[in-house]
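One structure is given below, encoded as structure tokens.
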Amino acid sequence: MSKKFMKVQRIEHGTVIDHILPGRAFDVLRVLGISTDRSMSILINSHSAKGGTKDILKIEDVELSDEEASRLALVSPHATVNIIVEGKVVKKFNAEAPVMVRGVLSCSNPNCISNQNEPIQSEFRLSLDSEHRYVCTYCQRDIVDLARRIRS
Amino acid sequence: MRHVISVQDFSAEEIIDILDRAETMVEIAKGNDVSEILKGKVLAAIFFEPSTRTRLSFETAMNRLGGGVIGFAGTEATSVVKGETLADTIRMVSGYADAVVLRHPREGAAKLATQFSDVPILNAGDGAGQHPTQTMLDLFTIRTELGRLEGLNISLVGDLRYGRTVHSLAIALAKFGNTINLVSPEGLEMPGEVISHLEDTGRFGKACHSPEEIIADTDMLYVTRIQKERFPDPVEYEKVAGMYRVDPELVSRGPEHMIILHPLPRVNEITPEVDALPQAKYFQQAFNAVPVRMALLSMVIGGQSNV
Ligand SMILES: [Zn+2]
């Protein structure tokens with residue numbers, strides 16, 4: 001127990017994001033627009049009690065909204081979000097992948113009109129099949145390597 | 001207001017309506033009948049890359065219905081817009097016209113245009129994306145020449161990877177219940193998402209590398225150009241081009257009722273000797289661009305009632 005305590009400090013106020021896909025913690029920070037100069041703990045490839053590895057983020061003084069949680073699901077579906085107030089978990093939920101994503105991503109097709117200097121927001125739809133694909137509303141192509149298409 | 005952006009935006013019934021309407025336009029398109037249903041209306045044809053035959057057929061279609069055409073094309077486009085956004089160009093042009101036909105080198109340009117236009121947008125090709133009016137005139141030609149649009153064996157031949165129109169044509173033909181064979185050189189195969197769509201509809205026939213394998217069973221042979229630039233080795237290109245060339249000998253091995261289409265321009269995918277054969281329908285197909293585009297223009301500008 002004391003070992004665990006040394007590894008990651010508890011937070012009094014803020015958000016703990018657990019079960020992030022291994023290696024995706026920095027992608028999660030990028031998609032949430034949280035800069036690393038904040039006070040936070042980042043665990044990469046932590047051993048999960050269920051087996052396998054996961055990343056964990058403990059961000060102080062940030063309360064993730066539902067909208068932000070759904071953005072996080074873009075890069076790590078099934079992550080769990082714990083909102084901590086005065087050292088207690090006051091809210092816990094799973095990040096759900098949004099059906100529509102506007103402005104957050106840039107299209108991976110370099111010839112897409114949404115990558116030009118036009119007065120529009122990029123827009124992607126979650127495909128109806130189960131493959132967790134996002135399709136560009138403009139060029140109709142699947143977004144490739146999604147984590148790298150997040151606008152910083 | 002109805003835009004024409006992608007053939008996938010249209011249901012099978014709506015496509016049939018457009019083809020029916022196009023049929024009523026044939027004599028007007030030939031100049032045998034006179035129509036003024038779009039008298040006083042203006043079409044803006046803005047072409048950011050050259051496509052002479054698409055532009056001319058739209059202009060003819062508008063003129064045959066008594067309307068007028070404004071616009072620009074090719075290098076003129078760059079001087080007209082001088083670095084202006086497409087959004088601003090569309091805002092301006094849509095104020096001058098009752099419909100805008102747009103050709104643009106970037107995918108999704110037509111979709112963007114709909115967000116800034118007060119009038120209907122017709123997509124005349126956006127990059128490697130959609131070209132719905134081409135697909136509709138292909139469907140029109142098949143129905144006119146073969147008498148039906150379903151239950152046919154269709155073979156798509158040539159560059160199926162980069163071919164602009166062949167993806168949406170395959171999807172549309174599958175929607176009408178036709179079986180689709182895919183014949184292409186290695187490396188130029190149909191993209192996976194189109195194939196899985198065909199598989200989902202249960203309309204995927206056969207994929208192979210030689211037209212000889214499917215010709216005996218083909219009702220409609222759709223030939224597309226194989227571009228030299230796709231091959232780093234010119235010797236390899238010549239070899240492949242030779243294998244995919246449609247000549248009278250190949251045609252003689254297909255059924256008599258088979259038709260051959262090609263979106264044109266052709267280079268040497270179909271030898272000139274084929275032109276005289278009854279199966280050759282690609283010039284008829286080129287003419288059909290006019291009645292089909294007349295049908296679409298009258299639909300989006302003139303409303304439904306006044307054909
Ligand atoms: Zn795109």
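Chains: A, B, ... in order of the structure tokens. Residues: from 1 per chain. Ligands: from 1, in order shown.
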
As number ranges by chain, list the residues of stretch 137-216 of chain B assigned to alpha helix (DSSP H) by DSSP on the backbone atoms of this structure. B: 137-146, 166-175, 192-200

Counting only C-alpha atoms, what is within 10 Å of B:Lys228, bar same-chain residues fewer than 4 positions away, as a VMD selection string? chain B and resid 232 to 234 236 to 238 240 to 241

Leaving out B:Arg203 and any residue of its chain fewer than 3 positions from it, which residues lie within 6 Å of it when counting only C-alpha atoms, given as number ranges by chain? B: 174, 179, 198

Please produce a file of those selected residues containing all heavy atoms, as a short mmCIF file (atom, residue, chain, number, x, y, z; two decimals), in the first residue's frame.
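This went into out-v6.cif:
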```
data_model
loop_
_atom_site.label_atom_id
_atom_site.label_comp_id
_atom_site.auth_asym_id
_atom_site.auth_seq_id
_atom_site.Cartn_x
_atom_site.Cartn_y
_atom_site.Cartn_z
N ALA B 174 -25.18 -1.85 -57.75
CA ALA B 174 -25.50 -2.88 -56.76
C ALA B 174 -26.86 -2.58 -56.11
O ALA B 174 -27.66 -3.48 -55.86
CB ALA B 174 -24.40 -2.95 -55.70
N THR B 179 -25.26 -7.68 -60.61
CA THR B 179 -24.05 -8.34 -60.13
C THR B 179 -22.83 -7.66 -60.75
O THR B 179 -22.80 -7.39 -61.94
CB THR B 179 -24.07 -9.82 -60.52
OG1 THR B 179 -25.26 -10.39 -59.98
CG2 THR B 179 -22.87 -10.57 -59.97
N LEU B 198 -20.17 -3.92 -51.71
CA LEU B 198 -20.76 -4.85 -52.69
C LEU B 198 -21.05 -6.19 -52.04
O LEU B 198 -22.09 -6.81 -52.30
CB LEU B 198 -19.82 -5.04 -53.90
CG LEU B 198 -19.51 -3.81 -54.75
CD1 LEU B 198 -18.57 -4.17 -55.89
CD2 LEU B 198 -20.78 -3.18 -55.29
#
```

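Atom CA of B:Phe47 is found 11.7 Å from atom CA of B:Leu122.
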
Can you tell me which residues come within 10 Å of ligand 1 when counting only C-alpha atoms and all ligand atoms, ideally as a ChimeraX atom specification? /A:106-115,122-124,135-143 /B:106-109

As an MDAnalysis selection string, please: the residues near B:Gln227 (cut-off 10 Å, only C-alpha atoms, same-chain neighbours under 6 positions excluded). chainID B and resid 158:159 162:163 237 241 267

Any chance you could export the current selection's all heavy atoms as a PDB file, in the first residue's frame?
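Output file result13.pdb is given in full below:
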```pdb
ATOM      1  N   GLY B 158     -10.469  -2.048 -65.872  1.00  0.00           N
ATOM      2  CA  GLY B 158      -9.425  -1.025 -66.005  1.00  0.00           C
ATOM      3  C   GLY B 158      -8.928  -0.556 -64.651  1.00  0.00           C
ATOM      4  O   GLY B 158      -8.771  -1.339 -63.717  1.00  0.00           O
ATOM      5  N   ASP B 159      -8.710   0.761 -64.525  1.00  0.00           N
ATOM      6  CA  ASP B 159      -8.242   1.339 -63.273  1.00  0.00           C
ATOM      7  C   ASP B 159      -9.441   1.516 -62.355  1.00  0.00           C
ATOM      8  O   ASP B 159     -10.191   2.471 -62.484  1.00  0.00           O
ATOM      9  CB  ASP B 159      -7.568   2.681 -63.564  1.00  0.00           C
ATOM     10  CG  ASP B 159      -7.096   3.366 -62.284  1.00  0.00           C
ATOM     11  OD1 ASP B 159      -7.389   2.867 -61.173  1.00  0.00           O
ATOM     12  OD2 ASP B 159      -6.435   4.410 -62.403  1.00  0.00           O
ATOM     13  N   TYR B 162      -8.274   4.349 -58.878  1.00  0.00           N
ATOM     14  CA  TYR B 162      -8.282   5.813 -58.928  1.00  0.00           C
ATOM     15  C   TYR B 162      -9.426   6.355 -59.779  1.00  0.00           C
ATOM     16  O   TYR B 162      -9.673   7.545 -59.784  1.00  0.00           O
ATOM     17  CB  TYR B 162      -6.967   6.331 -59.485  1.00  0.00           C
ATOM     18  CG  TYR B 162      -5.764   5.923 -58.670  1.00  0.00           C
ATOM     19  CD1 TYR B 162      -4.958   4.854 -59.060  1.00  0.00           C
ATOM     20  CD2 TYR B 162      -5.446   6.601 -57.494  1.00  0.00           C
ATOM     21  CE1 TYR B 162      -3.850   4.484 -58.311  1.00  0.00           C
ATOM     22  CE2 TYR B 162      -4.351   6.222 -56.739  1.00  0.00           C
ATOM     23  CZ  TYR B 162      -3.556   5.164 -57.148  1.00  0.00           C
ATOM     24  OH  TYR B 162      -2.470   4.800 -56.405  1.00  0.00           O
ATOM     25  N   GLY B 163     -10.075   5.478 -60.551  1.00  0.00           N
ATOM     26  CA  GLY B 163     -11.134   5.935 -61.452  1.00  0.00           C
ATOM     27  C   GLY B 163     -12.188   6.709 -60.696  1.00  0.00           C
ATOM     28  O   GLY B 163     -12.793   6.193 -59.765  1.00  0.00           O
ATOM     29  N   TYR B 237       3.773  -0.989 -68.230  1.00  0.00           N
ATOM     30  CA  TYR B 237       2.541  -0.319 -68.658  1.00  0.00           C
ATOM     31  C   TYR B 237       2.059  -0.879 -69.991  1.00  0.00           C
ATOM     32  O   TYR B 237       0.883  -1.213 -70.142  1.00  0.00           O
ATOM     33  CB  TYR B 237       2.747   1.197 -68.759  1.00  0.00           C
ATOM     34  CG  TYR B 237       1.637   1.875 -69.532  1.00  0.00           C
ATOM     35  CD1 TYR B 237       0.372   2.052 -68.959  1.00  0.00           C
ATOM     36  CD2 TYR B 237       1.831   2.292 -70.857  1.00  0.00           C
ATOM     37  CE1 TYR B 237      -0.657   2.628 -69.673  1.00  0.00           C
ATOM     38  CE2 TYR B 237       0.799   2.857 -71.579  1.00  0.00           C
ATOM     39  CZ  TYR B 237      -0.446   3.031 -70.992  1.00  0.00           C
ATOM     40  OH  TYR B 237      -1.468   3.584 -71.715  1.00  0.00           O
ATOM     41  N   ALA B 241      -1.477  -2.551 -70.556  1.00  0.00           N
ATOM     42  CA  ALA B 241      -2.403  -1.879 -71.465  1.00  0.00           C
ATOM     43  C   ALA B 241      -2.823  -2.831 -72.581  1.00  0.00           C
ATOM     44  O   ALA B 241      -3.996  -2.868 -72.977  1.00  0.00           O
ATOM     45  CB  ALA B 241      -1.759  -0.616 -72.033  1.00  0.00           C
ATOM     46  N   VAL B 267      -8.052   6.642 -74.681  1.00  0.00           N
ATOM     47  CA  VAL B 267      -6.771   6.768 -75.373  1.00  0.00           C
ATOM     48  C   VAL B 267      -6.652   5.568 -76.304  1.00  0.00           C
ATOM     49  O   VAL B 267      -6.929   5.676 -77.494  1.00  0.00           O
ATOM     50  CB  VAL B 267      -5.600   6.883 -74.388  1.00  0.00           C
ATOM     51  CG1 VAL B 267      -4.294   7.075 -75.134  1.00  0.00           C
ATOM     52  CG2 VAL B 267      -5.825   8.061 -73.456  1.00  0.00           C
TER      53      VAL B 267
END
```

Residue nearest chain B among A:Arg102, A:Leu128, A:Arg149, A:Glu118 (counting only C-alpha atoms):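 Closest residue, counting only C-alpha atoms: A:Glu118.
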
For chain B versus chain A, which residues have an atom no more than 10 Å away, and what is each residue's nearest atom pair and distance in Å rounded to one decimal, using only C-alpha atoms, chain-then-number order, as JSON lines?
```
{"residue": "B:Gly83", "atom": "CA", "partner": "A:Asn117", "partner_atom": "CA", "distance": 9.9}
{"residue": "B:Glu84", "atom": "CA", "partner": "A:Glu118", "partner_atom": "CA", "distance": 9.3}
{"residue": "B:Thr85", "atom": "CA", "partner": "A:Glu118", "partner_atom": "CA", "distance": 5.8}
{"residue": "B:Leu86", "atom": "CA", "partner": "A:Glu118", "partner_atom": "CA", "distance": 7.0}
{"residue": "B:Ala87", "atom": "CA", "partner": "A:Glu118", "partner_atom": "CA", "distance": 6.6}
{"residue": "B:Asp88", "atom": "CA", "partner": "A:Glu118", "partner_atom": "CA", "distance": 9.0}
{"residue": "B:His104", "atom": "CA", "partner": "A:Ile113", "partner_atom": "CA", "distance": 9.5}
{"residue": "B:Pro105", "atom": "CA", "partner": "A:Asn111", "partner_atom": "CA", "distance": 8.2}
{"residue": "B:Arg106", "atom": "CA", "partner": "A:Ile113", "partner_atom": "CA", "distance": 5.4}
{"residue": "B:Glu107", "atom": "CA", "partner": "A:Cys112", "partner_atom": "CA", "distance": 4.9}
{"residue": "B:Gly108", "atom": "CA", "partner": "A:Tyr138", "partner_atom": "CA", "distance": 4.1}
{"residue": "B:Ala109", "atom": "CA", "partner": "A:Ile113", "partner_atom": "CA", "distance": 5.5}
{"residue": "B:Ala110", "atom": "CA", "partner": "A:Tyr138", "partner_atom": "CA", "distance": 8.4}
{"residue": "B:Lys111", "atom": "CA", "partner": "A:Tyr138", "partner_atom": "CA", "distance": 5.9}
{"residue": "B:Leu112", "atom": "CA", "partner": "A:Tyr138", "partner_atom": "CA", "distance": 7.0}
{"residue": "B:Gln115", "atom": "CA", "partner": "A:Ile120", "partner_atom": "CA", "distance": 9.1}
{"residue": "B:Phe116", "atom": "CA", "partner": "A:Pro119", "partner_atom": "CA", "distance": 9.9}
{"residue": "B:Asp126", "atom": "CA", "partner": "A:Cys139", "partner_atom": "CA", "distance": 8.9}
{"residue": "B:Gly127", "atom": "CA", "partner": "A:Asn111", "partner_atom": "CA", "distance": 7.7}
{"residue": "B:Ala128", "atom": "CA", "partner": "A:Asn111", "partner_atom": "CA", "distance": 8.9}
{"residue": "B:Gly129", "atom": "CA", "partner": "A:Cys139", "partner_atom": "CA", "distance": 6.7}
{"residue": "B:Gln130", "atom": "CA", "partner": "A:Cys139", "partner_atom": "CA", "distance": 8.9}
{"residue": "B:Glu193", "atom": "CA", "partner": "A:Asp142", "partner_atom": "CA", "distance": 9.7}
```

Would you save the residues of that selection, restricted to N, CA and C atoms, as a PDB file, in the first residue's frame?
```pdb
ATOM      1  N   GLY B  83      -7.010  33.907 -55.005  1.00  0.00           N
ATOM      2  CA  GLY B  83      -6.732  33.498 -53.633  1.00  0.00           C
ATOM      3  C   GLY B  83      -7.920  33.590 -52.696  1.00  0.00           C
ATOM      4  N   GLU B  84      -9.061  33.962 -53.235  1.00  0.00           N
ATOM      5  CA  GLU B  84     -10.292  34.017 -52.443  1.00  0.00           C
ATOM      6  C   GLU B  84     -10.680  32.603 -52.003  1.00  0.00           C
ATOM      7  N   THR B  85     -11.352  32.480 -50.891  1.00  0.00           N
ATOM      8  CA  THR B  85     -11.815  31.151 -50.476  1.00  0.00           C
ATOM      9  C   THR B  85     -12.928  30.684 -51.418  1.00  0.00           C
ATOM     10  N   LEU B  86     -13.085  29.370 -51.500  1.00  0.00           N
ATOM     11  CA  LEU B  86     -14.192  28.822 -52.289  1.00  0.00           C
ATOM     12  C   LEU B  86     -15.517  29.311 -51.714  1.00  0.00           C
ATOM     13  N   ALA B  87     -15.587  29.396 -50.391  1.00  0.00           N
ATOM     14  CA  ALA B  87     -16.810  29.863 -49.735  1.00  0.00           C
ATOM     15  C   ALA B  87     -17.223  31.240 -50.263  1.00  0.00           C
ATOM     16  N   ASP B  88     -16.273  32.162 -50.362  1.00  0.00           N
ATOM     17  CA  ASP B  88     -16.594  33.512 -50.853  1.00  0.00           C
ATOM     18  C   ASP B  88     -16.992  33.498 -52.326  1.00  0.00           C
ATOM     19  N   HIS B 104     -14.154  21.027 -59.032  1.00  0.00           N
ATOM     20  CA  HIS B 104     -13.086  21.521 -58.172  1.00  0.00           C
ATOM     21  C   HIS B 104     -12.090  20.396 -57.905  1.00  0.00           C
ATOM     22  N   PRO B 105     -10.796  20.714 -57.786  1.00  0.00           N
ATOM     23  CA  PRO B 105      -9.813  19.636 -57.601  1.00  0.00           C
ATOM     24  C   PRO B 105      -9.803  18.988 -56.215  1.00  0.00           C
ATOM     25  N   ARG B 106     -10.522  19.556 -55.240  1.00  0.00           N
ATOM     26  CA  ARG B 106     -10.430  18.984 -53.878  1.00  0.00           C
ATOM     27  C   ARG B 106     -11.698  18.222 -53.486  1.00  0.00           C
ATOM     28  N   GLU B 107     -11.500  17.094 -52.813  1.00  0.00           N
ATOM     29  CA  GLU B 107     -12.628  16.289 -52.371  1.00  0.00           C
ATOM     30  C   GLU B 107     -13.434  17.047 -51.308  1.00  0.00           C
ATOM     31  N   GLY B 108     -14.743  17.024 -51.476  1.00  0.00           N
ATOM     32  CA  GLY B 108     -15.609  17.675 -50.503  1.00  0.00           C
ATOM     33  C   GLY B 108     -15.951  19.115 -50.864  1.00  0.00           C
ATOM     34  N   ALA B 109     -15.405  19.618 -51.998  1.00  0.00           N
ATOM     35  CA  ALA B 109     -15.643  21.015 -52.371  1.00  0.00           C
ATOM     36  C   ALA B 109     -17.137  21.289 -52.589  1.00  0.00           C
ATOM     37  N   ALA B 110     -17.827  20.348 -53.235  1.00  0.00           N
ATOM     38  CA  ALA B 110     -19.243  20.569 -53.538  1.00  0.00           C
ATOM     39  C   ALA B 110     -20.068  20.608 -52.252  1.00  0.00           C
ATOM     40  N   LYS B 111     -19.723  19.729 -51.324  1.00  0.00           N
ATOM     41  CA  LYS B 111     -20.398  19.712 -50.025  1.00  0.00           C
ATOM     42  C   LYS B 111     -20.210  21.063 -49.313  1.00  0.00           C
ATOM     43  N   LEU B 112     -18.994  21.557 -49.345  1.00  0.00           N
ATOM     44  CA  LEU B 112     -18.735  22.871 -48.750  1.00  0.00           C
ATOM     45  C   LEU B 112     -19.590  23.937 -49.430  1.00  0.00           C
ATOM     46  N   GLN B 115     -23.012  24.864 -48.258  1.00  0.00           N
ATOM     47  CA  GLN B 115     -23.169  25.622 -47.010  1.00  0.00           C
ATOM     48  C   GLN B 115     -23.136  27.133 -47.223  1.00  0.00           C
ATOM     49  N   PHE B 116     -22.712  27.561 -48.422  1.00  0.00           N
ATOM     50  CA  PHE B 116     -22.571  28.994 -48.671  1.00  0.00           C
ATOM     51  C   PHE B 116     -23.412  29.480 -49.844  1.00  0.00           C
ATOM     52  N   ASP B 126     -15.484  16.455 -57.788  1.00  0.00           N
ATOM     53  CA  ASP B 126     -14.621  17.118 -56.801  1.00  0.00           C
ATOM     54  C   ASP B 126     -13.433  16.212 -56.484  1.00  0.00           C
ATOM     55  N   GLY B 127     -12.292  16.561 -57.058  1.00  0.00           N
ATOM     56  CA  GLY B 127     -11.079  15.772 -56.863  1.00  0.00           C
ATOM     57  C   GLY B 127     -11.313  14.328 -57.256  1.00  0.00           C
ATOM     58  N   ALA B 128     -10.859  13.428 -56.392  1.00  0.00           N
ATOM     59  CA  ALA B 128     -11.096  12.004 -56.635  1.00  0.00           C
ATOM     60  C   ALA B 128     -12.412  11.573 -56.004  1.00  0.00           C
ATOM     61  N   GLY B 129     -13.275  12.538 -55.690  1.00  0.00           N
ATOM     62  CA  GLY B 129     -14.505  12.241 -54.973  1.00  0.00           C
ATOM     63  C   GLY B 129     -15.651  11.876 -55.895  1.00  0.00           C
ATOM     64  N   GLN B 130     -16.745  12.585 -55.785  1.00  0.00           N
ATOM     65  CA  GLN B 130     -17.984  12.217 -56.452  1.00  0.00           C
ATOM     66  C   GLN B 130     -18.153  12.898 -57.807  1.00  0.00           C
ATOM     67  N   GLU B 193     -13.239  -0.600 -49.211  1.00  0.00           N
ATOM     68  CA  GLU B 193     -14.552  -0.194 -48.689  1.00  0.00           C
ATOM     69  C   GLU B 193     -15.653  -0.381 -49.738  1.00  0.00           C
TER      70      GLU B 193
END
```

Neighbours of A:Asp129 within 12 Å (only C-alpha atoms; same-chain residues fewer than 5 positions away dropped), as a list in words?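 Those residues are Val99, Tyr134 and Val135 of chain A; His197 and Asp200 of chain B.
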
Exercise: A:Leu29 partners within 12 Å, only C-alpha atoms, chain neighbours under 6 positions left out, as a PyMOL selection string: chain A and resi 17+20+23+35-38+40-42+55-59+62+64+68-69+71-76+147+150-152

Would you mind listing what lies within 10 Å of A:Lys91 as number ranges by chain, with only C-alpha atoms counted and same-chain residues fewer than 6 positions away left out? A: 15, 81-85

Students should find that atom CA of B:Ala45 and atom CA of B:Gly71 are spaced 4.6 Å

Could you jot down the atom CA of B:Phe204 to atom CA of B:Ile142 separation for me, Å, one decimal place? 18.7 Å

I'd like to know which residues of stretch 80-302 of chain B are strand (DSSP E) (by DSSP, run on the backbone); could you write them as a PyMOL selection string? chain B and resi 99-104+121-126+153-157+179-183+204-208+220-223+259-261
